[in-house]
>>> print(open('my_file_35.txt').read())   # compact mmCIF, C-alpha atoms
# COMPACT_ATOMS: atom_id res chain seq x y z
CA MET A 193 -33.52 -50.13 0.29
CA LYS A 194 -32.79 -46.72 -1.25
CA ARG A 195 -33.58 -46.36 -4.94
CA ILE A 196 -31.14 -44.20 -6.91
CA ALA A 197 -31.16 -42.35 -10.22
CA ILE A 198 -27.61 -41.69 -11.45
CA LEU A 199 -27.40 -38.73 -13.82
CA GLY A 200 -24.11 -39.01 -15.71
CA SER A 201 -23.57 -42.72 -15.08
CA THR A 202 -20.81 -43.15 -17.70
CA GLY A 203 -18.67 -40.30 -16.34
CA SER A 204 -16.01 -40.52 -13.66
CA ILE A 205 -18.39 -39.86 -10.72
CA GLY A 206 -21.06 -42.14 -12.15
CA LYS A 207 -18.67 -45.07 -12.60
CA ASN A 208 -17.30 -44.62 -9.07
CA ALA A 209 -20.84 -44.41 -7.70
CA ILE A 210 -21.74 -47.72 -9.33
CA GLU A 211 -18.73 -49.35 -7.67
CA VAL A 212 -19.90 -48.02 -4.30
CA ILE A 213 -23.49 -49.14 -4.85
CA LEU A 214 -22.43 -52.67 -5.82
CA ASN A 215 -20.73 -52.97 -2.42
CA PHE A 216 -24.16 -52.57 -0.76
CA PRO A 217 -26.61 -54.78 -2.72
CA ASN A 218 -29.07 -54.92 0.18
CA ARG A 219 -29.05 -51.17 0.74
CA PHE A 220 -29.14 -49.55 -2.71
CA LYS A 221 -30.90 -50.24 -6.00
CA VAL A 222 -30.23 -48.25 -9.18
CA THR A 223 -33.58 -47.61 -10.82
CA TYR A 224 -32.47 -45.17 -13.56
CA LEU A 225 -29.29 -44.30 -15.42
CA ALA A 226 -28.83 -41.16 -17.50
CA VAL A 227 -26.06 -40.40 -20.01
CA ASN A 228 -25.27 -37.96 -22.78
CA LYS A 229 -24.38 -40.36 -25.60
CA ASN A 230 -22.01 -43.12 -24.42
CA ILE A 231 -24.41 -45.95 -25.19
CA LYS A 232 -21.70 -48.61 -25.39
CA LEU A 233 -20.82 -48.26 -21.71
CA LEU A 234 -24.47 -47.66 -20.82
CA LEU A 235 -25.36 -51.05 -22.29
CA GLU A 236 -22.79 -52.72 -20.02
CA GLN A 237 -24.19 -50.82 -17.02
CA VAL A 238 -27.75 -51.87 -17.87
CA LYS A 239 -26.72 -55.55 -18.01
CA LEU A 240 -24.94 -55.18 -14.66
CA LEU A 241 -27.51 -53.13 -12.74
CA LYS A 242 -30.80 -53.99 -14.46
CA PRO A 243 -32.42 -50.56 -13.96
CA LYS A 244 -36.05 -49.86 -14.81
CA GLY A 245 -35.12 -47.22 -17.32
CA VAL A 246 -32.43 -45.09 -18.93
CA VAL A 247 -32.26 -41.54 -20.26
CA ILE A 248 -30.03 -40.69 -23.21
CA PHE A 249 -29.75 -36.95 -23.82
CA ASP A 250 -28.78 -37.38 -27.48
CA LYS A 251 -32.06 -38.35 -29.18
CA GLU A 252 -30.40 -40.13 -32.11
CA LYS A 253 -28.34 -42.25 -29.71
CA ALA A 254 -31.53 -42.97 -27.75
CA GLU A 255 -33.17 -44.42 -30.86
CA GLU A 256 -30.05 -46.49 -31.56
CA PHE A 257 -30.03 -47.78 -27.97
CA SER A 258 -33.73 -48.70 -28.15
CA ASN A 259 -32.92 -51.03 -31.02
CA PHE A 260 -30.21 -52.71 -28.91
CA VAL A 261 -32.40 -53.40 -25.87
CA ASN A 262 -35.58 -54.22 -27.81
CA GLY A 263 -37.99 -53.21 -25.04
CA GLU A 264 -36.10 -54.87 -22.18
CA VAL A 265 -35.59 -51.49 -20.47
CA GLU A 266 -37.51 -48.21 -20.81
CA VAL A 267 -35.60 -45.67 -22.92
CA LEU A 268 -36.28 -41.95 -22.52
CA SER A 269 -34.44 -39.08 -24.19
CA GLY A 270 -33.55 -35.41 -23.95
CA GLU A 271 -34.04 -32.97 -21.11
CA GLU A 272 -37.68 -34.04 -20.78
CA GLY A 273 -36.51 -37.58 -20.06
CA LEU A 274 -34.23 -36.36 -17.26
CA LEU A 275 -37.01 -34.29 -15.71
CA GLU A 276 -39.36 -37.26 -15.91
CA VAL A 277 -37.18 -39.83 -14.11
CA VAL A 278 -36.03 -37.55 -11.26
CA SER A 279 -39.67 -36.92 -10.33
CA ARG A 280 -40.79 -40.57 -10.28
CA ASP A 281 -41.95 -42.35 -7.12
CA ASP A 282 -39.39 -45.15 -7.54
CA VAL A 283 -36.46 -42.75 -6.89
CA ASP A 284 -35.33 -41.79 -3.37
CA ILE A 285 -31.90 -40.29 -4.16
CA VAL A 286 -30.82 -38.37 -7.26
CA LEU A 287 -27.06 -38.47 -7.78
CA ASN A 288 -26.43 -35.60 -10.17
CA SER A 289 -23.00 -35.87 -11.79
CA LEU A 290 -23.94 -34.26 -15.10
CA VAL A 291 -21.32 -31.94 -16.55
CA GLY A 292 -22.01 -28.22 -16.60
CA PHE A 293 -25.21 -26.19 -16.95
CA SER A 294 -27.24 -29.24 -18.05
CA GLY A 295 -27.47 -30.31 -14.40
CA LEU A 296 -29.57 -27.30 -13.32
CA LYS A 297 -33.13 -28.18 -14.38
CA PRO A 298 -32.99 -31.83 -13.22
CA THR A 299 -31.77 -30.65 -9.78
CA ILE A 300 -34.67 -28.20 -9.51
CA LYS A 301 -37.19 -30.87 -10.55
CA ALA A 302 -35.72 -33.41 -8.11
CA ILE A 303 -35.94 -30.92 -5.23
CA GLU A 304 -39.55 -30.09 -6.10
CA SER A 305 -40.19 -33.86 -6.10
CA LYS A 306 -38.65 -34.06 -2.60
CA LYS A 307 -35.74 -36.38 -3.43
CA ARG A 308 -32.46 -36.37 -1.53
CA ILE A 309 -29.87 -34.68 -3.74
CA ALA A 310 -26.33 -36.07 -3.88
CA LEU A 311 -24.78 -33.23 -5.85
CA ALA A 312 -21.61 -33.52 -7.90
CA ASN A 313 -22.75 -30.91 -10.42
CA LYS A 314 -21.28 -27.75 -8.88
CA GLU A 315 -22.53 -25.57 -11.75
CA THR A 316 -26.10 -25.92 -10.42
CA LEU A 317 -25.23 -23.86 -7.34
CA VAL A 318 -22.83 -21.56 -9.17
CA VAL A 319 -25.47 -20.31 -11.60
CA ALA A 320 -28.59 -20.58 -9.43
CA GLY A 321 -27.49 -20.78 -5.80
CA GLU A 322 -30.18 -18.42 -4.52
CA ILE A 323 -32.97 -20.31 -6.30
CA ILE A 324 -31.68 -23.74 -5.23
CA THR A 325 -31.21 -22.87 -1.55
CA LYS A 326 -34.70 -21.34 -1.41
CA LEU A 327 -36.22 -24.48 -2.97
CA LEU A 328 -34.34 -26.74 -0.54
CA ARG A 329 -35.81 -24.82 2.40
CA GLU A 330 -39.33 -24.72 0.97
CA ASN A 331 -39.38 -28.46 0.20
CA ASN A 332 -37.44 -29.56 3.30
CA VAL A 333 -34.98 -31.49 1.09
CA GLU A 334 -31.46 -32.63 1.96
CA LEU A 335 -28.61 -31.73 -0.36
CA ILE A 336 -25.42 -33.69 0.35
CA PRO A 337 -22.37 -32.47 -1.60
CA VAL A 338 -20.35 -35.12 -3.43
CA ASP A 339 -17.36 -32.96 -4.46
CA SER A 340 -14.52 -34.05 -2.19
CA GLU A 341 -13.99 -30.50 -0.85
CA HIS A 342 -17.60 -29.72 0.01
CA ASN A 343 -18.20 -33.24 1.28
CA ALA A 344 -15.18 -32.72 3.58
CA ILE A 345 -16.65 -29.45 4.90
CA PHE A 346 -20.03 -31.13 5.35
CA GLN A 347 -18.38 -33.89 7.40
CA CYS A 348 -16.49 -31.34 9.52
CA LEU A 349 -19.75 -29.57 10.32
CA VAL A 350 -21.69 -32.60 11.57
CA GLY A 351 -22.72 -31.66 15.12
CA GLU A 352 -21.56 -28.05 14.67
CA LYS A 353 -23.43 -24.76 14.26
CA ILE A 354 -23.01 -22.76 11.06
CA SER A 355 -22.85 -19.65 13.25
CA ASP A 356 -19.67 -21.02 14.89
CA ILE A 357 -17.71 -21.05 11.59
CA ASN A 358 -14.99 -18.44 11.28
CA ARG A 359 -13.88 -19.44 7.79
CA ILE A 360 -13.79 -22.33 5.33
CA ILE A 361 -10.46 -23.42 3.85
CA LEU A 362 -10.80 -25.15 0.48
CA THR A 363 -7.75 -27.16 -0.51
CA ALA A 364 -6.57 -27.41 -4.10
CA SER A 365 -3.99 -29.75 -5.59
CA GLY A 366 -2.68 -26.97 -7.85
CA GLY A 367 -3.17 -29.15 -10.91
CA PRO A 368 -0.51 -30.13 -13.46
CA PHE A 369 0.93 -26.61 -13.85
CA LEU A 370 1.53 -25.70 -10.23
CA TYR A 371 5.28 -25.37 -10.69
CA LYS A 372 5.25 -23.77 -14.16
CA ASN A 373 5.60 -20.00 -14.46
CA LYS A 374 3.02 -17.88 -16.27
CA ALA A 375 5.07 -17.62 -19.47
CA GLU A 376 5.31 -21.42 -19.71
CA LEU A 377 1.51 -21.73 -19.75
CA GLU A 378 1.41 -20.02 -23.13
CA ASN A 379 2.26 -23.20 -25.03
CA VAL A 380 0.89 -26.04 -22.87
CA THR A 381 -0.90 -28.79 -24.79
CA VAL A 382 -4.27 -30.41 -24.23
CA GLU A 383 -2.48 -33.64 -23.29
CA GLU A 384 -0.41 -31.85 -20.63
CA ALA A 385 -3.47 -30.12 -19.19
CA LEU A 386 -5.31 -33.43 -18.91
CA LYS A 387 -2.56 -35.05 -16.81
CA HIS A 388 -3.87 -34.34 -13.33
CA PRO A 389 -1.30 -35.36 -10.68
CA ASN A 390 -3.76 -36.85 -8.15
CA TRP A 391 -7.29 -37.34 -9.45
CA LYS A 392 -8.75 -39.26 -12.38
CA MET A 393 -11.65 -37.14 -13.65
CA GLY A 394 -13.51 -36.16 -16.81
CA SER A 395 -11.94 -33.81 -19.36
CA LYS A 396 -13.87 -30.66 -18.47
CA ILE A 397 -13.24 -30.78 -14.71
CA THR A 398 -9.58 -31.72 -15.31
CA ILE A 399 -9.06 -28.59 -17.41
CA ASP A 400 -10.87 -26.55 -14.75
CA SER A 401 -8.41 -27.98 -12.20
CA ALA A 402 -5.51 -26.94 -14.43
CA THR A 403 -6.79 -23.34 -14.65
CA LEU A 404 -7.96 -23.37 -10.99
CA MET A 405 -11.42 -22.35 -12.24
CA ASN A 406 -12.64 -25.51 -10.52
CA LYS A 407 -11.64 -23.97 -7.20
CA GLY A 408 -13.30 -20.68 -8.15
CA LEU A 409 -16.57 -22.49 -8.86
CA GLU A 410 -16.18 -24.32 -5.54
CA VAL A 411 -15.85 -21.01 -3.67
CA ILE A 412 -19.22 -19.92 -5.06
CA GLU A 413 -20.73 -23.35 -4.35
CA ALA A 414 -19.45 -23.30 -0.75
CA HIS A 415 -20.94 -19.83 -0.27
CA TRP A 416 -24.41 -21.18 -1.11
CA ILE A 417 -24.19 -24.57 0.64
CA PHE A 418 -22.81 -23.26 3.91
CA GLY A 419 -24.13 -19.69 3.89
CA LEU A 420 -20.78 -17.98 4.40
CA PRO A 421 -19.65 -14.71 2.77
CA VAL A 422 -17.17 -15.24 -0.06
CA ASP A 423 -14.40 -13.33 1.73
CA ARG A 424 -14.49 -15.96 4.50
CA ILE A 425 -13.83 -18.81 2.06
CA LYS A 426 -10.09 -19.22 1.47
CA VAL A 427 -8.27 -21.38 -1.08
CA VAL A 428 -4.98 -23.05 -0.14
CA ILE A 429 -2.82 -25.16 -2.45
CA HIS A 430 -2.15 -28.59 -0.93
CA PRO A 431 -0.35 -30.70 -3.57
CA GLN A 432 -0.72 -34.05 -1.77
CA SER A 433 -4.57 -33.89 -1.82
CA VAL A 434 -4.81 -35.70 1.52
CA ILE A 435 -6.60 -32.90 3.40
CA HIS A 436 -9.77 -32.43 1.36
CA SER A 437 -10.81 -29.20 3.10
CA MET A 438 -10.96 -27.59 6.54
CA VAL A 439 -13.25 -25.54 8.74
CA GLU A 440 -11.89 -22.98 11.19
CA PHE A 441 -14.22 -22.14 14.10
CA ILE A 442 -14.60 -18.94 16.09
CA ASP A 443 -12.56 -20.34 19.01
CA GLY A 444 -9.54 -20.96 16.75
CA SER A 445 -10.10 -24.73 16.45
CA ILE A 446 -9.74 -26.23 12.98
CA LYS A 447 -11.34 -29.46 11.75
CA ALA A 448 -9.96 -31.15 8.65
CA GLN A 449 -11.24 -34.17 6.76
CA LEU A 450 -8.42 -36.36 5.44
CA GLY A 451 -8.29 -39.43 3.25
CA VAL A 452 -6.73 -40.93 0.16
CA PRO A 453 -7.72 -39.09 -3.06
CA ASP A 454 -10.51 -41.49 -4.08
CA MET A 455 -13.95 -40.14 -5.03
CA LYS A 456 -15.64 -43.32 -3.81
CA ILE A 457 -15.19 -42.08 -0.21
CA PRO A 458 -17.28 -38.87 -0.53
CA ILE A 459 -19.77 -40.62 -2.82
CA GLN A 460 -20.36 -43.35 -0.25
CA TYR A 461 -20.77 -40.81 2.55
CA ALA A 462 -23.30 -38.82 0.50
CA LEU A 463 -25.34 -41.99 -0.10
CA THR A 464 -25.15 -43.46 3.41
CA TYR A 465 -25.34 -40.25 5.49
CA PRO A 466 -25.95 -39.95 8.43
CA GLU A 467 -24.40 -43.41 8.79
CA ARG A 468 -20.87 -44.55 7.99
CA LYS A 469 -20.38 -47.97 6.43
CA HIS A 470 -17.26 -50.09 6.25
CA ALA A 471 -15.29 -49.69 3.02
CA ASN A 472 -11.86 -50.55 1.72
CA TYR A 473 -10.83 -47.70 -0.55
CA GLY A 474 -7.33 -47.34 0.87
CA GLN A 475 -5.80 -45.64 3.90
CA VAL A 476 -3.41 -42.76 4.33
CA ASP A 477 0.07 -43.98 5.33
CA PHE A 478 1.39 -40.91 7.12
CA VAL A 479 4.92 -42.33 7.41
CA LYS A 480 5.15 -42.87 3.64
CA LEU A 481 3.47 -39.51 3.04
CA GLY A 482 6.24 -37.87 5.04
CA GLN A 483 4.96 -34.31 4.77
CA MET A 484 2.01 -32.18 3.80
CA THR A 485 2.73 -28.83 2.18
CA PHE A 486 0.64 -25.70 1.66
CA LEU A 487 1.02 -22.78 -0.74
CA GLU A 488 -0.81 -19.55 -1.52
CA PRO A 489 -2.43 -19.69 -4.99
CA ASP A 490 -0.76 -17.41 -7.52
CA LEU A 491 -3.69 -15.29 -8.74
CA ASP A 492 -1.57 -13.66 -11.43
CA LYS A 493 -0.81 -17.05 -12.97
CA PHE A 494 -4.20 -18.63 -12.22
CA GLU A 495 -6.41 -15.74 -13.36
CA CYS A 496 -9.57 -17.88 -13.43
CA LEU A 497 -9.59 -18.16 -9.63
CA LYS A 498 -9.17 -14.38 -9.30
CA ILE A 499 -12.04 -13.77 -11.75
CA ALA A 500 -14.28 -16.23 -9.90
CA TYR A 501 -13.74 -14.42 -6.58
CA GLU A 502 -14.60 -11.09 -8.23
CA VAL A 503 -17.72 -12.51 -9.86
CA ALA A 504 -18.84 -14.18 -6.61
CA LYS A 505 -18.85 -10.76 -4.93
CA LEU A 506 -20.73 -9.14 -7.83
CA GLY A 507 -23.54 -11.71 -7.66
CA GLY A 508 -26.65 -11.47 -9.81
CA THR A 509 -26.35 -13.17 -13.19
CA TYR A 510 -22.56 -12.70 -13.30
CA PRO A 511 -21.79 -16.24 -12.00
CA THR A 512 -24.00 -17.63 -14.80
CA VAL A 513 -21.88 -15.73 -17.32
CA LEU A 514 -18.67 -16.96 -15.67
CA ASN A 515 -19.81 -20.55 -15.93
CA ALA A 516 -21.15 -20.35 -19.50
CA ALA A 517 -18.07 -18.57 -20.85
CA ASN A 518 -15.80 -21.04 -19.10
CA GLU A 519 -17.68 -24.07 -20.49
CA VAL A 520 -17.43 -22.76 -24.06
CA ALA A 521 -13.77 -21.72 -23.66
CA VAL A 522 -12.75 -25.08 -22.17
CA GLU A 523 -14.48 -26.92 -25.01
CA ALA A 524 -12.66 -24.71 -27.52
CA PHE A 525 -9.32 -25.49 -25.83
CA LEU A 526 -10.04 -29.23 -25.80
CA ASN A 527 -10.86 -28.96 -29.52
CA ARG A 528 -7.51 -27.15 -30.04
CA LYS A 529 -9.15 -23.94 -31.27
CA ILE A 530 -7.64 -21.68 -28.60
CA LYS A 531 -4.59 -21.62 -26.35
CA PHE A 532 -4.81 -22.56 -22.67
CA THR A 533 -4.06 -18.95 -21.67
CA MET A 534 -7.01 -17.70 -23.73
CA ILE A 535 -9.51 -19.33 -21.36
CA PRO A 536 -9.44 -16.49 -18.77
CA GLU A 537 -9.26 -13.88 -21.55
CA VAL A 538 -12.48 -15.21 -23.09
CA ILE A 539 -14.21 -15.25 -19.70
CA LYS A 540 -13.21 -11.63 -18.96
CA LYS A 541 -14.58 -10.46 -22.32
CA ALA A 542 -17.93 -12.15 -21.62
CA ILE A 543 -18.17 -10.62 -18.13
CA ASP A 544 -17.27 -7.13 -19.41
CA ALA A 545 -19.97 -7.37 -22.09
CA HIS A 546 -22.71 -8.59 -19.75
CA LYS A 547 -25.59 -6.45 -18.49
CA PRO A 548 -26.44 -8.12 -15.18
CA LYS A 549 -29.75 -8.79 -13.51
CA PHE A 550 -30.09 -9.10 -9.74
CA ASN A 551 -32.73 -10.98 -7.75
CA SER A 552 -32.92 -13.05 -10.92
CA ASP A 553 -35.37 -15.85 -11.64
CA LEU A 554 -34.78 -19.03 -13.66
CA ASP A 555 -35.69 -17.31 -16.96
CA ASP A 556 -33.06 -14.62 -16.31
CA ILE A 557 -30.45 -17.32 -15.68
CA LEU A 558 -31.39 -19.30 -18.80
CA THR A 559 -31.24 -16.11 -20.88
CA ALA A 560 -27.85 -15.06 -19.45
CA ASP A 561 -26.47 -18.54 -20.13
CA SER A 562 -27.75 -18.65 -23.72
CA GLU A 563 -26.63 -15.12 -24.59
CA THR A 564 -23.16 -15.68 -23.10
CA ARG A 565 -22.64 -18.86 -25.11
CA LYS A 566 -23.59 -17.05 -28.32
CA PHE A 567 -21.33 -14.10 -27.47
CA VAL A 568 -18.31 -16.30 -26.72
CA LYS A 569 -18.76 -18.49 -29.81
CA ASN A 570 -18.78 -15.32 -31.94
CA LEU A 571 -15.45 -14.09 -30.55
CA GLU A 572 -12.50 -14.11 -32.93
CA GLY A 573 -10.72 -17.47 -32.97
CA MET A 574 -13.54 -19.38 -31.27
CA ASP A 575 -15.18 -20.79 -34.41
>>> encode(input="my_file_35.txt", output="structure tokens")
Amino acid sequence: MKRIAILGSTGSIGKNAIEVILNFPNRFKVTYLAVNKNIKLLLEQVKLLKPKGVVIFDKEKAEEFSNFVNGEVEVLSGEEGLLEVVSRDDVDIVLNSLVGFSGLKPTIKAIESKKRIALANKETLVVAGEIITKLLRENNVELIPVDSEHNAIFQCLVGEKISDINRIILTASGGPFLYKNKAELENVTVEEALKHPNWKMGSKITIDSATLMNKGLEVIEAHWIFGLPVDRIKVVIHPQSVIHSMVEFIDGSIKAQLGVPDMKIPIQYALTYPERKHANYGQVDFVKLGQMTFLEPDLDKFECLKIAYEVAKLGGTYPTVLNAANEVAVEAFLNRKIKFTMIPEVIKKAIDAHKPKFNSDLDDILTADSETRKFVKNLEGMD
């Protein structure tokens, strides 16, 4: 019986993970749930899963929730609550599906506590890849990626040597604006940007998919997970989202992992690895599919991907700035303060203003993140 802490249990990944876990009642037990502030859904999850404790990041919501449960479940709050539960002895696997920079410190604490990491929080590796990979080695801890693309690469590499990789090919759906021209992006609405053609995800990651920043972050993440130079990680648009990613080897062979676009498949693999367990999440009908198409990403239209590649090569604290500026800009777009096309403009301004540090430690990363957020919020039109 593996005991699991789900960080971000009310989000898209968290809800899918709970569905997976309920399929294996004799194999998995959820001991802790952590959320930002959605206590209504958390209450339903507590009744269903009966965890030992919960963490609610919003301290006011935590007090409100404590009144609901009246001592029936332990209630912790804030960042300190997250750090506490991921280090406890009654946790074997930490599934981190928190959104954004908030996932960094709990991942570090979980690694130091020698838990298996099922990682759906790509920002952790984007902003602190060097620190995280060093900690994984020092603590002999497994990190299994949950993102469909990195999980696909991970599956393709089972039984293979990293030294035999020629390049990684990350597939991207292209998002809702694949067939719009650059001028048409000027006036897209929040509602249009949130209509992803293939995946049902949270708001932030859906906007990142629309700008292709999601793929840029994944390039940086893949660099750290698989130890490959950025220029050997290619992005290809694949609108059907059936091939989740590919690995090309030095002999010219290519392995691809395929499946229906359902996050429960990579989540289950991350939890059950190295085993596979029977599941019924749907099958690809190749006859109905008819064809699979591939396109080169338009880096003039999708500037965020271009910026991410540039930043990945610069290294140092630049990826932290990229991530922080993007998080603030996406939030501003979702709150209808800025246009969709302003997202890359805001990110470029933050990068141009940054004075980088290299061979950075955690304090450097926290400082770069904090200063970037302040800088971006003070830009004209962001308040």
>>> closest_residue(input="my_file_35.txt", among="A:Gly292, A:Pro536, A:Gly321, A:Pro458", to="Asp492 (chain A)", atoms="all atoms listed in the file")
A:Pro536
>>> residues_near_point(input="my_file_35.txt", point="(1.3, -21.7, -17.2)", cutoff="10 Å", atoms="only C-alpha atoms", output="list of chain:residue names")
A:Pro368, A:Phe369, A:Leu370, A:Tyr371, A:Lys372, A:Asn373, A:Lys374, A:Ala375, A:Glu376, A:Leu377, A:Glu378, A:Asn379, A:Val380, A:Ala385, A:Ala402, A:Thr403, A:Lys493, A:Phe494, A:Phe532, A:Thr533
>>> write_last_selection(input="my_file_35.txt", atoms="C-alpha atoms", output="mmCIF file, keeping the file's coordinate frame")
data_model
loop_
_atom_site.group_PDB
_atom_site.id
_atom_site.type_symbol
_atom_site.label_atom_id
_atom_site.label_comp_id
_atom_site.auth_asym_id
_atom_site.auth_seq_id
_atom_site.Cartn_x
_atom_site.Cartn_y
_atom_site.Cartn_z
ATOM 1 C CA PRO A 368 -0.510 -30.130 -13.460
ATOM 2 C CA PHE A 369 0.930 -26.610 -13.850
ATOM 3 C CA LEU A 370 1.530 -25.700 -10.230
ATOM 4 C CA TYR A 371 5.280 -25.370 -10.690
ATOM 5 C CA LYS A 372 5.250 -23.770 -14.160
ATOM 6 C CA ASN A 373 5.600 -20.000 -14.460
ATOM 7 C CA LYS A 374 3.020 -17.880 -16.270
ATOM 8 C CA ALA A 375 5.070 -17.620 -19.470
ATOM 9 C CA GLU A 376 5.310 -21.420 -19.710
ATOM 10 C CA LEU A 377 1.510 -21.730 -19.750
ATOM 11 C CA GLU A 378 1.410 -20.020 -23.130
ATOM 12 C CA ASN A 379 2.260 -23.200 -25.030
ATOM 13 C CA VAL A 380 0.890 -26.040 -22.870
ATOM 14 C CA ALA A 385 -3.470 -30.120 -19.190
ATOM 15 C CA ALA A 402 -5.510 -26.940 -14.430
ATOM 16 C CA THR A 403 -6.790 -23.340 -14.650
ATOM 17 C CA LYS A 493 -0.810 -17.050 -12.970
ATOM 18 C CA PHE A 494 -4.200 -18.630 -12.220
ATOM 19 C CA PHE A 532 -4.810 -22.560 -22.670
ATOM 20 C CA THR A 533 -4.060 -18.950 -21.670
#
>>> axis_aligned_box(input="my_file_35.txt", around="region 248-260 of chain A", padding_each_side="4 Å", output="JSON")
{"center_x": -31.0, "center_y": -44.8, "center_z": -27.7, "size_x": 13.4, "size_y": 23.8, "size_z": 16.9}
>>> residues_around(input="my_file_35.txt", residues="Lys326 (chain A)", least_positions_apart="3", cutoff="12 Å", atoms="only C-alpha atoms", output="PyMOL selection string")
chain A and resi 300+303-304+317+320-323+329-333+416-417+419+553
>>> closest_residue(input="my_file_35.txt", among="A:Gly573, A:Pro466, A:Gly508, A:Gly444", to="His546 (chain A)", atoms="only C-alpha atoms")
A:Gly508
>>> atom_distance(input="my_file_35.txt", atom1="CA of His388 (chain A)", atom2="CA of Glu488 (chain A)")
19.2 Å
>>> atom_distance(input="my_file_35.txt", atom1="CA of Glu236 (chain A)", atom2="CA of Leu287 (chain A)")
19.3 Å
>>> build_atoms(input="my_file_35.txt", residues="region 366-383 of chain A", atoms="N, CA and C atoms", output="CSV table (one decimal), keeping the file's coordinate frame")
chain,number,residue,atom,x,y,z
A,366,GLY,N,-3.5,-27.8,-7.0
A,366,GLY,CA,-2.7,-27.0,-7.8
A,366,GLY,C,-2.6,-27.4,-9.3
A,367,GLY,N,-3.1,-28.7,-9.5
A,367,GLY,CA,-3.2,-29.2,-10.9
A,367,GLY,C,-1.8,-29.4,-11.5
A,368,PRO,N,-1.8,-29.7,-12.8
A,368,PRO,CA,-0.5,-30.1,-13.5
A,368,PRO,C,0.5,-29.0,-13.7
A,369,PHE,N,0.0,-27.7,-13.5
A,369,PHE,CA,0.9,-26.6,-13.8
A,369,PHE,C,1.3,-25.8,-12.6
A,370,LEU,N,1.2,-26.4,-11.5
A,370,LEU,CA,1.5,-25.7,-10.2
A,370,LEU,C,2.9,-25.1,-10.2
A,371,TYR,N,3.9,-25.8,-10.8
A,371,TYR,CA,5.3,-25.4,-10.7
A,371,TYR,C,5.8,-24.8,-12.0
A,372,LYS,N,4.9,-24.5,-12.9
A,372,LYS,CA,5.2,-23.8,-14.2
A,372,LYS,C,5.0,-22.3,-13.9
A,373,ASN,N,5.8,-21.4,-14.6
A,373,ASN,CA,5.6,-20.0,-14.5
A,373,ASN,C,4.6,-19.6,-15.5
A,374,LYS,N,4.1,-18.3,-15.4
A,374,LYS,CA,3.0,-17.9,-16.3
A,374,LYS,C,3.4,-17.9,-17.7
A,375,ALA,N,4.6,-17.6,-18.1
A,375,ALA,CA,5.1,-17.6,-19.5
A,375,ALA,C,5.0,-19.0,-20.1
A,376,GLU,N,5.3,-20.0,-19.2
A,376,GLU,CA,5.3,-21.4,-19.7
A,376,GLU,C,3.9,-21.9,-20.0
A,377,LEU,N,2.9,-21.3,-19.5
A,377,LEU,CA,1.5,-21.7,-19.8
A,377,LEU,C,1.1,-21.4,-21.2
A,378,GLU,N,1.8,-20.5,-21.8
A,378,GLU,CA,1.4,-20.0,-23.1
A,378,GLU,C,1.3,-21.2,-24.2
A,379,ASN,N,2.2,-22.2,-24.0
A,379,ASN,CA,2.3,-23.2,-25.0
A,379,ASN,C,1.9,-24.6,-24.5
A,380,VAL,N,1.2,-24.7,-23.4
A,380,VAL,CA,0.9,-26.0,-22.9
A,380,VAL,C,-0.1,-26.7,-23.8
A,381,THR,N,0.0,-28.0,-23.9
A,381,THR,CA,-0.9,-28.8,-24.8
A,381,THR,C,-2.1,-29.3,-24.0
A,382,VAL,N,-3.1,-29.8,-24.8
A,382,VAL,CA,-4.3,-30.4,-24.2
A,382,VAL,C,-3.9,-31.6,-23.4
A,383,GLU,N,-2.9,-32.4,-24.0
A,383,GLU,CA,-2.5,-33.6,-23.3
A,383,GLU,C,-1.8,-33.3,-21.9
